[in-house]
Every structure is written in C-alpha cells, then in structure tokens.
Amino acid sequence: MKRICVFCGSSPGAKPEYIQAAQQLGVLLAYRKIGLVFGGGKVGLMGRLAQAALENGGEVIGVIPRELHEKRVAFSGLSDLRVVGTMHERKALMAELADGFMALPGGLGTLEEIFEILTWAQLAIHHKPCGLLNVGDFYTPLLAFLDQVVEQGFLDAAHRSMILTAENPEELLQQFETYRPVSADKAAWALAKGDW
Ligand code: AMP
C-alpha cells in the first residue's frame with residue numbers, strides 16, 4: 001500500500017482522543033512509509049494529522065480547491081500541495097492518488113467524502129479498502145444506522161461489509177492490508193429486488 005487518503009474534521013472535536021488518534025495515524029503512516037493524501041488544510045484534525053506525518057519524515061500530499069487555498073487555510077510547508085479548481089476535482093484527484101481511504105471523526109465534509117468513496121466502491125468504480133476509525137465510539141451510532149439501512153432493504157449486506165472499522169489506526173491499517181474486494185454487483189442486487 002503506497003498511499004492512504006484520510007478524510008477528517010477541519011475542527012479538533014470535543015474530546016482530546018480525536019486529536020491523539022489523528023497524531024497516532026500520522027506517525028504510523030510515516031513509520032510504515034505509507035504516503036498521506038489529505039485535504040491540505042492546517043486546521044483541526046487535518047492539521048494535526050499532517051503535522052505528525054511530516055515531523056516523522058512521511059510523504060504528505062495535500063489537495064485543496066483554489067477557493068479554500070485563497071482563504072489561507074492551507075497547511076504551509078507541504079512539499080506537495082496540489083491546488084485544484086473545484087471540490088469535485090479535489091475528490092477525483094484524492095481518489096486517484098490513494099490505495100485506500102480512511103475517515104477519522106469529522107463533520108459534514110468528512111461524511112460526504114467517505115460516503116462518496118464508498119458509493120464508488122459499491123459500484124465497483126474502484127476496489128480499494130475503505131474504513132472508519134471509530135475513535136471513542138464516534139461512529140458507533142452511524143454503524144448502527146447502516147445496519148438499519150440493510151434491514152430496511154436499501155443496502156446489500158455484502159456492500160455494508162465493505163466498511164471496515166477499528167478503534168485504533170494500527171488495527172485499521174492491518175485490515176486494509178488484508179482486504180479482499182467485495183465482488184457483489186450493486187445493479188444485479190437492485191434488479192433482484194424485483195420492483196421494476
Ligand atoms: P468537516 O468534516 O466538515 O470539517 O470537513 C472536513 C473535510 O472537508 C476535509 O476532509 C476536507 O477535505 C474538507 N474541508 C473542510 N474544511 C476545510 C478546510 N478549512 N481546509 C481544507 N479542507 C477542508
């Protein structure tokens with residue numbers, strides 16, 4: 001695994017363990033010589049994550065839309081900061097650069113980014129591992145909701161199983177390294193439901 005894209009809050013969150021997890025992940029990626037691809041911001045968990053990776057000699061690639069760059073929220077001192085035109089271009093480039101995708105705790109931006117990449121996995125647009133770092137049970141209610149989405153017939157259990165989860169970065173990285181892509185076909189599953 002050459003590079004991992006991490007989506008995470010542009011805020012630090014309410015509990016110190018969120019910052020600790022972001023820093024642990026940055027250090028771990030640097031030690032394992034796995035490059036970090038992230039949103040390029042200096043704020044919140046994003047900034048802590050990038051700083052920890054950089055301080056430990058890791059490769060860090062920031063991908064930021066021009067508008068945010070002009071607002072001076074970019075992490076300064078990144079050797080590789082790609083400034084792109086739009087949020088859509090940013091996500092496409094992040095997806096292309098990385099071999100896997102993790103979400104740390106975050107807000108709407110983080111949720112949107114990880115759900116889009118999961119949607120692409122479900123449609124077999126890519127076959128890369130995707131996971132949630134469930135620090136301090138942050139994602140437990142969301143995972144329970146996703147189980148409900150399966151029970152209610154909107155999500156194939158095979159696609160639900162693509163969402164890897166772990167409580168610490170080391171365990172999640174281990175799952176990424178042994179991940180076998182799910183081969184369930186979303187279109188066939190939808191057609192098999194018979195409502196057409
Ligand atoms: P949120 O979870 O709502 O804080 O949004 C975080 C996600 O949205 C990150 O993964 C970034 O890709 C993007 N984002 C939001 N705010 C910023 C910012 N100030 N600088 C860079 N990226 C940001």
# chains A, B, ... in the order shown; residues from 1 in each chain; ligands from 1
>>> closest_atom_pairs(of="chain A", to="ligand 1", cutoff="6 Å", atoms="only C-alpha atoms and all ligand atoms", output="CSV")
residue,atom,partner,partner_atom_place_in_ligand_line,distance
A:Phe7,CA,ligand 1,10 (O),3.9
A:Cys8,CA,ligand 1,10 (O),4.6
A:Gly9,CA,ligand 1,4 (O),3.7
A:Ser10,CA,ligand 1,4 (O),3.7
A:Ser11,CA,ligand 1,4 (O),5.5
A:Gly39,CA,ligand 1,12 (O),3.9
A:Gly40,CA,ligand 1,21 (C),5.4
A:Gly41,CA,ligand 1,21 (C),3.8
A:Val73,CA,ligand 1,19 (N),5.3
A:Gly106,CA,ligand 1,2 (O),3.9
A:Gly107,CA,ligand 1,2 (O),3.3
A:Leu108,CA,ligand 1,3 (O),4.2
A:Gly109,CA,ligand 1,5 (O),3.4
A:Thr110,CA,ligand 1,2 (O),3.8
>>> residues_around(residues="stretch 151-167 of chain A", least_positions_apart="2", cutoff="7 Å", atoms="only C-alpha atoms", output="PyMOL selection string")
chain A and resi 122+130-135+147-149+171-172+182+184
>>> write_last_selection(atoms="C-alpha atoms", output="mmCIF file, in the first residue's frame")
data_model
loop_
_atom_site.group_PDB
_atom_site.id
_atom_site.type_symbol
_atom_site.label_atom_id
_atom_site.label_comp_id
_atom_site.auth_asym_id
_atom_site.auth_seq_id
_atom_site.Cartn_x
_atom_site.Cartn_y
_atom_site.Cartn_z
ATOM 1 C CA GLN A 122 -20.264 -0.287 -4.200
ATOM 2 C CA CYS A 130 -12.388 1.987 2.904
ATOM 3 C CA GLY A 131 -12.722 2.278 6.661
ATOM 4 C CA LEU A 132 -13.883 4.301 9.629
ATOM 5 C CA LEU A 133 -11.622 4.951 12.584
ATOM 6 C CA ASN A 134 -14.147 4.570 15.382
ATOM 7 C CA VAL A 135 -12.291 6.580 17.999
ATOM 8 C CA ASP A 147 -27.315 -1.889 9.855
ATOM 9 C CA GLN A 148 -30.824 -0.472 9.810
ATOM 10 C CA VAL A 149 -30.357 0.552 6.168
ATOM 11 C CA GLU A 171 -5.825 -2.227 13.657
ATOM 12 C CA LEU A 172 -7.488 -0.390 10.743
ATOM 13 C CA VAL A 182 -16.213 -7.399 -2.380
ATOM 14 C CA ALA A 184 -21.254 -8.079 -5.203
#
>>> select_by_dssp(residues="stretch 12-118 of chain A", states="strand (DSSP E)", output="PyMOL selection string")
chain A and resi 35-38+60-65+80-84+101-103
>>> write_last_selection(atoms="C-alpha atoms", output="PDB file, in the first residue's frame")
ATOM      1  CA  GLY A  35       2.156   8.365   1.995  1.00  0.00           C
ATOM      2  CA  LEU A  36      -0.702  10.514   3.306  1.00  0.00           C
ATOM      3  CA  VAL A  37      -3.161  12.147   0.923  1.00  0.00           C
ATOM      4  CA  PHE A  38      -5.424  14.671   2.659  1.00  0.00           C
ATOM      5  CA  VAL A  60       2.274  14.169   2.664  1.00  0.00           C
ATOM      6  CA  ILE A  61       0.240  15.299  -0.323  1.00  0.00           C
ATOM      7  CA  GLY A  62      -2.386  17.989   0.222  1.00  0.00           C
ATOM      8  CA  VAL A  63      -5.136  18.506  -2.335  1.00  0.00           C
ATOM      9  CA  ILE A  64      -7.046  21.746  -1.895  1.00  0.00           C
ATOM     10  CA  PRO A  65      -9.510  23.729  -4.025  1.00  0.00           C
ATOM     11  CA  ASP A  80       3.423  18.634  -2.318  1.00  0.00           C
ATOM     12  CA  LEU A  81       0.308  20.828  -2.280  1.00  0.00           C
ATOM     13  CA  ARG A  82      -1.949  20.419  -5.304  1.00  0.00           C
ATOM     14  CA  VAL A  83      -4.304  23.342  -5.857  1.00  0.00           C
ATOM     15  CA  VAL A  84      -7.306  22.316  -7.955  1.00  0.00           C
ATOM     16  CA  PHE A 101      -9.464   5.598   2.248  1.00  0.00           C
ATOM     17  CA  MET A 102      -9.953   6.220   5.963  1.00  0.00           C
ATOM     18  CA  ALA A 103     -12.280   8.567   7.816  1.00  0.00           C
TER      19      ALA A 103
END
>>> select_by_dssp(residues="stretch 40-170 of chain A", states="helix (DSSP H, G or I)", output="mmCIF file with N, CA, C and O atoms, in the first residue's frame")
data_model
loop_
_atom_site.group_PDB
_atom_site.id
_atom_site.type_symbol
_atom_site.label_atom_id
_atom_site.label_comp_id
_atom_site.auth_asym_id
_atom_site.auth_seq_id
_atom_site.Cartn_x
_atom_site.Cartn_y
_atom_site.Cartn_z
ATOM 1 N N GLY A 44 -7.842 21.962 12.551
ATOM 2 C CA GLY A 44 -8.489 20.789 13.124
ATOM 3 C C GLY A 44 -7.670 19.513 13.067
ATOM 4 O O GLY A 44 -6.433 19.539 13.129
ATOM 5 N N LEU A 45 -8.365 18.385 12.933
ATOM 6 C CA LEU A 45 -7.675 17.091 12.899
ATOM 7 C C LEU A 45 -6.783 16.990 11.671
ATOM 8 O O LEU A 45 -5.732 16.352 11.696
ATOM 9 N N MET A 46 -7.213 17.651 10.569
ATOM 10 C CA MET A 46 -6.416 17.611 9.325
ATOM 11 C C MET A 46 -4.987 18.103 9.580
ATOM 12 O O MET A 46 -4.016 17.469 9.179
ATOM 13 N N GLY A 47 -4.901 19.236 10.236
ATOM 14 C CA GLY A 47 -3.592 19.845 10.500
ATOM 15 C C GLY A 47 -2.743 18.978 11.417
ATOM 16 O O GLY A 47 -1.547 18.796 11.185
ATOM 17 N N ARG A 48 -3.383 18.408 12.480
ATOM 18 C CA ARG A 48 -2.632 17.572 13.436
ATOM 19 C C ARG A 48 -2.091 16.315 12.756
ATOM 20 O O ARG A 48 -0.970 15.888 12.999
ATOM 21 N N LEU A 49 -2.934 15.741 11.907
ATOM 22 C CA LEU A 49 -2.558 14.517 11.185
ATOM 23 C C LEU A 49 -1.354 14.772 10.275
ATOM 24 O O LEU A 49 -0.352 14.044 10.306
ATOM 25 N N ALA A 50 -1.456 15.845 9.467
ATOM 26 C CA ALA A 50 -0.388 16.150 8.511
ATOM 27 C C ALA A 50 0.907 16.496 9.238
ATOM 28 O O ALA A 50 1.997 16.047 8.843
ATOM 29 N N GLN A 51 0.770 17.255 10.313
ATOM 30 C CA GLN A 51 1.964 17.664 11.059
ATOM 31 C C GLN A 51 2.688 16.445 11.638
ATOM 32 O O GLN A 51 3.912 16.338 11.560
ATOM 33 N N ALA A 52 1.915 15.504 12.196
ATOM 34 C CA ALA A 52 2.531 14.302 12.787
ATOM 35 C C ALA A 52 3.244 13.485 11.713
ATOM 36 O O ALA A 52 4.349 12.972 11.939
ATOM 37 N N ALA A 53 2.639 13.361 10.543
ATOM 38 C CA ALA A 53 3.272 12.583 9.463
ATOM 39 C C ALA A 53 4.556 13.284 8.999
ATOM 40 O O ALA A 53 5.605 12.646 8.849
ATOM 41 N N LEU A 54 4.466 14.602 8.802
ATOM 42 C CA LEU A 54 5.638 15.366 8.323
ATOM 43 C C LEU A 54 6.790 15.332 9.328
ATOM 44 O O LEU A 54 7.946 15.114 8.948
ATOM 45 N N GLU A 55 6.466 15.515 10.606
ATOM 46 C CA GLU A 55 7.511 15.536 11.641
ATOM 47 C C GLU A 55 8.249 14.213 11.742
ATOM 48 O O GLU A 55 9.349 14.151 12.264
ATOM 49 N N ARG A 66 -8.909 25.850 -5.028
ATOM 50 C CA ARG A 66 -8.329 27.203 -5.077
ATOM 51 C C ARG A 66 -9.006 28.139 -4.079
ATOM 52 O O ARG A 66 -8.360 28.897 -3.372
ATOM 53 N N GLU A 67 -10.327 28.037 -4.006
ATOM 54 C CA GLU A 67 -11.070 28.955 -3.134
ATOM 55 C C GLU A 67 -10.632 28.832 -1.667
ATOM 56 O O GLU A 67 -10.445 29.821 -0.975
ATOM 57 N N LEU A 68 -10.465 27.589 -1.198
ATOM 58 C CA LEU A 68 -10.009 27.383 0.188
ATOM 59 C C LEU A 68 -8.562 27.830 0.341
ATOM 60 O O LEU A 68 -8.179 28.395 1.362
ATOM 61 N N HIS A 69 -7.762 27.590 -0.695
ATOM 62 C CA HIS A 69 -6.357 27.980 -0.649
ATOM 63 C C HIS A 69 -6.247 29.486 -0.451
ATOM 64 O O HIS A 69 -5.442 29.980 0.342
ATOM 65 N N GLU A 70 -7.112 30.225 -1.178
ATOM 66 C CA GLU A 70 -7.073 31.692 -1.082
ATOM 67 C C GLU A 70 -7.516 32.190 0.291
ATOM 68 O O GLU A 70 -7.176 33.279 0.703
ATOM 69 N N MET A 87 -14.174 21.378 -5.749
ATOM 70 C CA MET A 87 -14.268 20.275 -4.773
ATOM 71 C C MET A 87 -14.350 18.926 -5.498
ATOM 72 O O MET A 87 -13.818 17.926 -5.020
ATOM 73 N N HIS A 88 -15.032 18.911 -6.638
ATOM 74 C CA HIS A 88 -15.150 17.646 -7.372
ATOM 75 C C HIS A 88 -13.796 17.187 -7.909
ATOM 76 O O HIS A 88 -13.451 16.011 -7.843
ATOM 77 N N GLU A 89 -13.043 18.163 -8.434
ATOM 78 C CA GLU A 89 -11.698 17.815 -8.935
ATOM 79 C C GLU A 89 -10.826 17.315 -7.795
ATOM 80 O O GLU A 89 -10.012 16.418 -7.945
ATOM 81 N N ARG A 90 -10.997 17.945 -6.650
ATOM 82 C CA ARG A 90 -10.201 17.546 -5.491
ATOM 83 C C ARG A 90 -10.458 16.078 -5.137
ATOM 84 O O ARG A 90 -9.535 15.298 -4.952
ATOM 85 N N LYS A 91 -11.732 15.699 -5.050
ATOM 86 C CA LYS A 91 -12.038 14.323 -4.644
ATOM 87 C C LYS A 91 -11.564 13.319 -5.688
ATOM 88 O O LYS A 91 -11.084 12.242 -5.343
ATOM 89 N N ALA A 92 -11.695 13.703 -6.965
ATOM 90 C CA ALA A 92 -11.238 12.790 -8.025
ATOM 91 C C ALA A 92 -9.727 12.583 -7.921
ATOM 92 O O ALA A 92 -9.239 11.444 -8.038
ATOM 93 N N LEU A 93 -8.988 13.652 -7.680
ATOM 94 C CA LEU A 93 -7.525 13.523 -7.585
ATOM 95 C C LEU A 93 -7.126 12.738 -6.327
ATOM 96 O O LEU A 93 -6.250 11.874 -6.377
ATOM 97 N N MET A 94 -7.799 13.004 -5.217
ATOM 98 C CA MET A 94 -7.500 12.264 -3.983
ATOM 99 C C MET A 94 -7.748 10.766 -4.208
ATOM 100 O O MET A 94 -6.952 9.924 -3.780
ATOM 101 N N ALA A 95 -8.835 10.444 -4.890
ATOM 102 C CA ALA A 95 -9.186 9.040 -5.138
ATOM 103 C C ALA A 95 -8.142 8.368 -6.030
ATOM 104 O O ALA A 95 -7.790 7.209 -5.830
ATOM 105 N N GLU A 96 -7.662 9.131 -6.994
ATOM 106 C CA GLU A 96 -6.676 8.580 -7.939
ATOM 107 C C GLU A 96 -5.323 8.328 -7.244
ATOM 108 O O GLU A 96 -4.667 7.316 -7.501
ATOM 109 N N LEU A 97 -4.946 9.248 -6.362
ATOM 110 C CA LEU A 97 -3.617 9.165 -5.733
ATOM 111 C C LEU A 97 -3.504 8.060 -4.679
ATOM 112 O O LEU A 97 -2.408 7.590 -4.382
ATOM 113 N N LEU A 108 -19.695 17.314 8.294
ATOM 114 C CA LEU A 108 -20.360 17.035 7.011
ATOM 115 C C LEU A 108 -19.366 16.757 5.893
ATOM 116 O O LEU A 108 -19.580 15.873 5.065
ATOM 117 N N GLY A 109 -18.253 17.526 5.871
ATOM 118 C CA GLY A 109 -17.253 17.326 4.812
ATOM 119 C C GLY A 109 -16.684 15.918 4.847
ATOM 120 O O GLY A 109 -16.597 15.230 3.820
ATOM 121 N N THR A 110 -16.341 15.463 6.036
ATOM 122 C CA THR A 110 -15.763 14.129 6.207
ATOM 123 C C THR A 110 -16.778 13.050 5.818
ATOM 124 O O THR A 110 -16.445 12.092 5.106
ATOM 125 N N LEU A 111 -17.999 13.221 6.278
ATOM 126 C CA LEU A 111 -19.041 12.219 5.991
ATOM 127 C C LEU A 111 -19.316 12.145 4.493
ATOM 128 O O LEU A 111 -19.404 11.064 3.908
ATOM 129 N N GLU A 112 -19.403 13.308 3.867
ATOM 130 C CA GLU A 112 -19.678 13.346 2.424
ATOM 131 C C GLU A 112 -18.549 12.660 1.648
ATOM 132 O O GLU A 112 -18.789 11.877 0.745
ATOM 133 N N GLU A 113 -17.323 12.936 2.055
ATOM 134 C CA GLU A 113 -16.171 12.381 1.330
ATOM 135 C C GLU A 113 -16.113 10.861 1.454
ATOM 136 O O GLU A 113 -15.911 10.159 0.467
ATOM 137 N N ILE A 114 -16.297 10.337 2.675
ATOM 138 C CA ILE A 114 -16.193 8.882 2.832
ATOM 139 C C ILE A 114 -17.398 8.179 2.184
ATOM 140 O O ILE A 114 -17.257 7.125 1.571
ATOM 141 N N PHE A 115 -18.574 8.812 2.252
ATOM 142 C CA PHE A 115 -19.740 8.164 1.632
ATOM 143 C C PHE A 115 -19.641 8.168 0.108
ATOM 144 O O PHE A 115 -20.074 7.219 -0.538
ATOM 145 N N GLU A 116 -19.074 9.211 -0.455
ATOM 146 C CA GLU A 116 -18.922 9.193 -1.916
ATOM 147 C C GLU A 116 -17.966 8.072 -2.340
ATOM 148 O O GLU A 116 -18.245 7.327 -3.276
ATOM 149 N N ILE A 117 -16.877 7.938 -1.601
ATOM 150 C CA ILE A 117 -15.895 6.931 -1.989
ATOM 151 C C ILE A 117 -16.450 5.522 -1.764
ATOM 152 O O ILE A 117 -16.162 4.589 -2.515
ATOM 153 N N LEU A 118 -17.308 5.360 -0.738
ATOM 154 C CA LEU A 118 -17.973 4.067 -0.515
ATOM 155 C C LEU A 118 -18.977 3.780 -1.628
ATOM 156 O O LEU A 118 -19.134 2.633 -2.062
ATOM 157 N N THR A 119 -19.636 4.832 -2.093
ATOM 158 C CA THR A 119 -20.588 4.658 -3.197
ATOM 159 C C THR A 119 -19.860 4.182 -4.451
ATOM 160 O O THR A 119 -20.339 3.296 -5.171
ATOM 161 N N TRP A 120 -18.680 4.746 -4.685
ATOM 162 C CA TRP A 120 -17.884 4.331 -5.853
ATOM 163 C C TRP A 120 -17.425 2.873 -5.689
ATOM 164 O O TRP A 120 -17.374 2.125 -6.665
ATOM 165 N N ALA A 121 -17.123 2.470 -4.452
ATOM 166 C CA ALA A 121 -16.711 1.069 -4.206
ATOM 167 C C ALA A 121 -17.879 0.131 -4.479
ATOM 168 O O ALA A 121 -17.726 -0.929 -5.101
ATOM 169 N N GLN A 122 -19.054 0.521 -4.022
ATOM 170 C CA GLN A 122 -20.264 -0.287 -4.200
ATOM 171 C C GLN A 122 -20.584 -0.487 -5.683
ATOM 172 O O GLN A 122 -21.107 -1.520 -6.094
ATOM 173 N N VAL A 135 -12.923 6.093 16.767
ATOM 174 C CA VAL A 135 -12.291 6.580 17.999
ATOM 175 C C VAL A 135 -13.367 6.973 19.009
ATOM 176 O O VAL A 135 -14.265 7.762 18.684
ATOM 177 N N GLY A 136 -13.265 6.428 20.219
ATOM 178 C CA GLY A 136 -14.200 6.802 21.287
ATOM 179 C C GLY A 136 -15.652 6.585 20.892
ATOM 180 O O GLY A 136 -16.512 7.356 21.310
ATOM 181 N N ASP A 137 -15.912 5.551 20.072
ATOM 182 C CA ASP A 137 -17.283 5.217 19.632
ATOM 183 C C ASP A 137 -17.937 6.315 18.788
ATOM 184 O O ASP A 137 -19.165 6.341 18.653
ATOM 185 N N THR A 140 -20.095 4.740 16.173
ATOM 186 C CA THR A 140 -20.992 3.631 16.548
ATOM 187 C C THR A 140 -22.462 3.896 16.165
ATOM 188 O O THR A 140 -23.104 3.025 15.577
ATOM 189 N N PRO A 141 -23.015 5.097 16.418
ATOM 190 C CA PRO A 141 -24.418 5.330 16.006
ATOM 191 C C PRO A 141 -24.599 5.259 14.485
ATOM 192 O O PRO A 141 -25.625 4.787 13.999
ATOM 193 N N LEU A 142 -23.604 5.712 13.732
ATOM 194 C CA LEU A 142 -23.696 5.662 12.263
ATOM 195 C C LEU A 142 -23.665 4.206 11.783
ATOM 196 O O LEU A 142 -24.409 3.823 10.874
ATOM 197 N N LEU A 143 -22.826 3.391 12.407
ATOM 198 C CA LEU A 143 -22.735 1.981 12.024
ATOM 199 C C LEU A 143 -24.056 1.268 12.325
ATOM 200 O O LEU A 143 -24.520 0.438 11.535
ATOM 201 N N ALA A 144 -24.675 1.612 13.452
ATOM 202 C CA ALA A 144 -25.980 1.027 13.795
ATOM 203 C C ALA A 144 -27.027 1.466 12.768
ATOM 204 O O ALA A 144 -27.869 0.678 12.334
ATOM 205 N N PHE A 145 -26.941 2.716 12.348
ATOM 206 C CA PHE A 145 -27.882 3.206 11.337
ATOM 207 C C PHE A 145 -27.694 2.443 10.018
ATOM 208 O O PHE A 145 -28.659 2.060 9.352
ATOM 209 N N LEU A 146 -26.450 2.198 9.654
ATOM 210 C CA LEU A 146 -26.190 1.471 8.405
ATOM 211 C C LEU A 146 -26.742 0.038 8.485
ATOM 212 O O LEU A 146 -27.219 -0.501 7.482
ATOM 213 N N ASP A 147 -26.700 -0.563 9.690
ATOM 214 C CA ASP A 147 -27.315 -1.889 9.855
ATOM 215 C C ASP A 147 -28.820 -1.788 9.607
ATOM 216 O O ASP A 147 -29.431 -2.673 9.012
ATOM 217 N N GLN A 148 -29.393 -0.684 10.049
ATOM 218 C CA GLN A 148 -30.824 -0.472 9.810
ATOM 219 C C GLN A 148 -31.110 -0.298 8.309
ATOM 220 O O GLN A 148 -32.131 -0.769 7.801
ATOM 221 N N VAL A 149 -30.180 0.363 7.614
ATOM 222 C CA VAL A 149 -30.357 0.552 6.168
ATOM 223 C C VAL A 149 -30.365 -0.818 5.467
ATOM 224 O O VAL A 149 -31.148 -1.056 4.537
ATOM 225 N N VAL A 150 -29.527 -1.745 5.964
ATOM 226 C CA VAL A 150 -29.524 -3.121 5.414
ATOM 227 C C VAL A 150 -30.864 -3.781 5.724
ATOM 228 O O VAL A 150 -31.534 -4.317 4.827
ATOM 229 N N GLU A 151 -31.276 -3.725 6.996
ATOM 230 C CA GLU A 151 -32.539 -4.372 7.416
ATOM 231 C C GLU A 151 -33.725 -3.850 6.613
ATOM 232 O O GLU A 151 -34.648 -4.594 6.295
ATOM 233 N N ALA A 157 -26.071 -6.420 2.252
ATOM 234 C CA ALA A 157 -25.179 -6.756 3.379
ATOM 235 C C ALA A 157 -23.737 -6.908 2.891
ATOM 236 O O ALA A 157 -22.787 -6.593 3.617
ATOM 237 N N ALA A 158 -23.575 -7.373 1.652
ATOM 238 C CA ALA A 158 -22.210 -7.525 1.112
ATOM 239 C C ALA A 158 -21.536 -6.158 0.988
ATOM 240 O O ALA A 158 -20.339 -6.012 1.260
ATOM 241 N N HIS A 159 -22.307 -5.158 0.586
ATOM 242 C CA HIS A 159 -21.729 -3.810 0.477
ATOM 243 C C HIS A 159 -21.522 -3.182 1.855
ATOM 244 O O HIS A 159 -20.560 -2.447 2.062
ATOM 245 N N ARG A 160 -22.393 -3.480 2.795
ATOM 246 C CA ARG A 160 -22.201 -2.995 4.183
ATOM 247 C C ARG A 160 -20.876 -3.545 4.737
ATOM 248 O O ARG A 160 -20.172 -2.844 5.470
ATOM 249 N N PRO A 169 -5.684 3.215 14.858
ATOM 250 C CA PRO A 169 -5.119 3.259 13.499
ATOM 251 C C PRO A 169 -4.389 1.985 13.083
ATOM 252 O O PRO A 169 -4.503 1.530 11.947
ATOM 253 N N GLU A 170 -3.667 1.392 14.026
ATOM 254 C CA GLU A 170 -2.879 0.188 13.728
ATOM 255 C C GLU A 170 -3.782 -0.952 13.243
ATOM 256 O O GLU A 170 -3.513 -1.617 12.247
#
>>> closest_residue(among="A:Ala98, A:Pro105, A:Ile4, A:Phe75", to="A:Ile19", atoms="only C-alpha atoms")
A:Pro105
